[in-house]
Amino acid sequence: WLRGGWAMDFHLGRVTRPHVDVDWYCWRADADRLTAALTGRGWWPDPRMPVEVQLDLFRGDVEVSFAYLARDANGRVTVGAGPWAGTHLPTGMLDGPPGRIGSHNAPVISVAAQIEFKEMFPVWMPERRRRPKDADDLARLRASLSA
């Protein structure tokens, strides 16, 4: 599932700003298979990010990042690795319709989850201040809900 800026753009149906990376979620159980598939196609792991925490890869000037997902004993989606492993993620986050830009479709996290993440990152991680683009993204996402 797309997350971050591209998820927002795929929900809105258009590119709203330049992007420097593509953020995804994947199941932790699929990470080794995903790594093998992408490295076999010329992607290189980013040595700055431990693969046990998150899968970050580069090819040319393109960066992709896969945050891991898991499920708890009750089937609820959780953070799949790292210091917040086991933390519940927003209910319904993976249940939204695919997003689309032109002829390209992609699974995206729900708009409600996108808004929650944009609002809460500065609360969850005070050292990560809200960026100007986050305020713009929140305005676009909220406007899309009322459209």
# chains A, B, ... in the order shown; residues from 1 in each chain; ligands from 1
>>> residues_around(residues="region 6-14 of chain A", least_positions_apart="6", cutoff="7 Å", atoms="only C-alpha atoms", output="PDB file with N, CA and C atoms, in the first residue's frame")
ATOM      1  N   VAL A  22       9.282   7.199  -2.711  1.00  0.00           N
ATOM      2  CA  VAL A  22       7.998   6.509  -2.757  1.00  0.00           C
ATOM      3  C   VAL A  22       7.919   5.648  -1.501  1.00  0.00           C
ATOM      4  N   GLY A  99      -6.036   3.872  -5.334  1.00  0.00           N
ATOM      5  CA  GLY A  99      -5.928   5.217  -5.873  1.00  0.00           C
ATOM      6  C   GLY A  99      -5.579   5.158  -7.351  1.00  0.00           C
ATOM      7  N   ARG A 100      -5.710   6.311  -8.014  1.00  0.00           N
ATOM      8  CA  ARG A 100      -5.473   6.334  -9.456  1.00  0.00           C
ATOM      9  C   ARG A 100      -4.924   7.692  -9.864  1.00  0.00           C
ATOM     10  N   ILE A 101      -3.904   7.656 -10.700  1.00  0.00           N
ATOM     11  CA  ILE A 101      -3.440   8.843 -11.413  1.00  0.00           C
ATOM     12  C   ILE A 101      -3.357   8.433 -12.875  1.00  0.00           C
ATOM     13  N   VAL A 108      -3.641   2.113  -1.769  1.00  0.00           N
ATOM     14  CA  VAL A 108      -3.232   3.235  -0.915  1.00  0.00           C
ATOM     15  C   VAL A 108      -3.843   3.064   0.469  1.00  0.00           C
ATOM     16  N   ILE A 109      -3.179   3.639   1.474  1.00  0.00           N
ATOM     17  CA  ILE A 109      -3.790   3.633   2.802  1.00  0.00           C
ATOM     18  C   ILE A 109      -4.969   4.607   2.781  1.00  0.00           C
TER      19      ILE A 109
END
>>> select_by_dssp(residues="chain A", states="helix (DSSP H, G or I)", output="ChimeraX atom specification")
/A:4-12,28-39,111-124,132-146
>>> residues_around(residues="Ala31 (chain A)", least_positions_apart="3", cutoff="10 Å", atoms="only C-alpha atoms", output="PDB file with N, CA, C and O atoms, in the first residue's frame")
ATOM      1  N   CYS A  26       4.419  -2.914   3.520  1.00  0.00           N
ATOM      2  CA  CYS A  26       4.362  -4.314   3.097  1.00  0.00           C
ATOM      3  C   CYS A  26       4.309  -5.177   4.349  1.00  0.00           C
ATOM      4  O   CYS A  26       4.675  -4.734   5.430  1.00  0.00           O
ATOM      5  N   TRP A  27       3.839  -6.401   4.194  1.00  0.00           N
ATOM      6  CA  TRP A  27       3.826  -7.336   5.305  1.00  0.00           C
ATOM      7  C   TRP A  27       5.253  -7.736   5.624  1.00  0.00           C
ATOM      8  O   TRP A  27       6.048  -8.024   4.723  1.00  0.00           O
ATOM      9  N   ARG A  28       5.594  -7.755   6.901  1.00  0.00           N
ATOM     10  CA  ARG A  28       6.944  -8.146   7.315  1.00  0.00           C
ATOM     11  C   ARG A  28       7.285  -9.534   6.793  1.00  0.00           C
ATOM     12  O   ARG A  28       8.404  -9.800   6.381  1.00  0.00           O
ATOM     13  N   LEU A  34      10.355  -9.723  -1.195  1.00  0.00           N
ATOM     14  CA  LEU A  34      10.341  -8.415  -1.848  1.00  0.00           C
ATOM     15  C   LEU A  34      11.770  -7.917  -2.084  1.00  0.00           C
ATOM     16  O   LEU A  34      12.096  -7.417  -3.170  1.00  0.00           O
ATOM     17  N   THR A  35      12.633  -8.079  -1.088  1.00  0.00           N
ATOM     18  CA  THR A  35      14.030  -7.669  -1.223  1.00  0.00           C
ATOM     19  C   THR A  35      14.690  -8.417  -2.379  1.00  0.00           C
ATOM     20  O   THR A  35      15.367  -7.806  -3.213  1.00  0.00           O
ATOM     21  N   ALA A  36      14.500  -9.717  -2.439  1.00  0.00           N
ATOM     22  CA  ALA A  36      15.100 -10.517  -3.511  1.00  0.00           C
ATOM     23  C   ALA A  36      14.589 -10.076  -4.881  1.00  0.00           C
ATOM     24  O   ALA A  36      15.372  -9.940  -5.833  1.00  0.00           O
ATOM     25  N   ALA A  37      13.294  -9.819  -4.982  1.00  0.00           N
ATOM     26  CA  ALA A  37      12.723  -9.402  -6.267  1.00  0.00           C
ATOM     27  C   ALA A  37      13.275  -8.051  -6.713  1.00  0.00           C
ATOM     28  O   ALA A  37      13.626  -7.872  -7.882  1.00  0.00           O
ATOM     29  N   VAL A  51      17.654  -3.370   7.708  1.00  0.00           N
ATOM     30  CA  VAL A  51      16.561  -4.066   7.037  1.00  0.00           C
ATOM     31  C   VAL A  51      15.614  -4.725   8.040  1.00  0.00           C
ATOM     32  O   VAL A  51      14.457  -4.999   7.724  1.00  0.00           O
ATOM     33  N   GLU A  52      16.072  -4.932   9.264  1.00  0.00           N
ATOM     34  CA  GLU A  52      15.199  -5.501  10.290  1.00  0.00           C
ATOM     35  C   GLU A  52      14.128  -4.497  10.725  1.00  0.00           C
ATOM     36  O   GLU A  52      13.111  -4.883  11.294  1.00  0.00           O
ATOM     37  N   GLN A  54      13.124  -1.552   8.558  1.00  0.00           N
ATOM     38  CA  GLN A  54      12.395  -1.042   7.405  1.00  0.00           C
ATOM     39  C   GLN A  54      13.261  -1.316   6.183  1.00  0.00           C
ATOM     40  O   GLN A  54      14.484  -1.279   6.258  1.00  0.00           O
ATOM     41  N   LEU A  55      12.636  -1.557   5.048  1.00  0.00           N
ATOM     42  CA  LEU A  55      13.364  -1.821   3.816  1.00  0.00           C
ATOM     43  C   LEU A  55      13.431  -0.548   2.977  1.00  0.00           C
ATOM     44  O   LEU A  55      12.407  -0.072   2.503  1.00  0.00           O
ATOM     45  N   PHE A  66       9.891   0.740   2.404  1.00  0.00           N
ATOM     46  CA  PHE A  66       8.812  -0.157   2.800  1.00  0.00           C
ATOM     47  C   PHE A  66       8.807  -0.288   4.317  1.00  0.00           C
ATOM     48  O   PHE A  66       9.717  -0.876   4.902  1.00  0.00           O
ATOM     49  N   ALA A  67       7.786   0.274   4.962  1.00  0.00           N
ATOM     50  CA  ALA A  67       7.580   0.066   6.393  1.00  0.00           C
ATOM     51  C   ALA A  67       6.825  -1.252   6.535  1.00  0.00           C
ATOM     52  O   ALA A  67       5.966  -1.590   5.715  1.00  0.00           O
ATOM     53  N   TYR A  68       7.158  -1.989   7.570  1.00  0.00           N
ATOM     54  CA  TYR A  68       6.595  -3.322   7.736  1.00  0.00           C
ATOM     55  C   TYR A  68       5.293  -3.321   8.527  1.00  0.00           C
ATOM     56  O   TYR A  68       5.138  -2.581   9.502  1.00  0.00           O
ATOM     57  N   LEU A  69       4.409  -4.205   8.111  1.00  0.00           N
ATOM     58  CA  LEU A  69       3.143  -4.441   8.799  1.00  0.00           C
ATOM     59  C   LEU A  69       3.116  -5.866   9.338  1.00  0.00           C
ATOM     60  O   LEU A  69       3.759  -6.759   8.792  1.00  0.00           O
TER      61      LEU A  69
END
>>> atom_distance(atom1="CA of Trp84 (chain A)", atom2="CA of Gly96 (chain A)")
23.8 Å
>>> closest_residue(among="A:Arg3, A:Thr91, A:Arg59, A:Asp134", to="Gly40 (chain A)", atoms="only C-alpha atoms")
A:Arg59
>>> closest_residue(among="A:Lys133, A:Val62, A:Trp1, A:Ala143", to="Ala106 (chain A)", atoms="only C-alpha atoms")
A:Trp1
>>> closest_residue(among="A:Arg33, A:Trp43, A:Leu2, A:Thr16", to="Leu141 (chain A)", atoms="only C-alpha atoms")
A:Thr16
>>> closest_residue(among="A:Val64, A:Pro45, A:Asp72, A:Asp137", to="Asp23 (chain A)", atoms="only C-alpha atoms")
A:Val64
>>> residues_around(residues="Pro132 (chain A)", least_positions_apart="6", cutoff="12 Å", atoms="only C-alpha atoms", output="ChimeraX atom specification")
/A:118,138-139
>>> select_by_dssp(residues="region 7-128 of chain A", states="strand (DSSP E or B)", output="PyMOL selection string")
chain A and resi 21-27+44-45+54-59+62-71+77-79+88+99-101+104-106+108
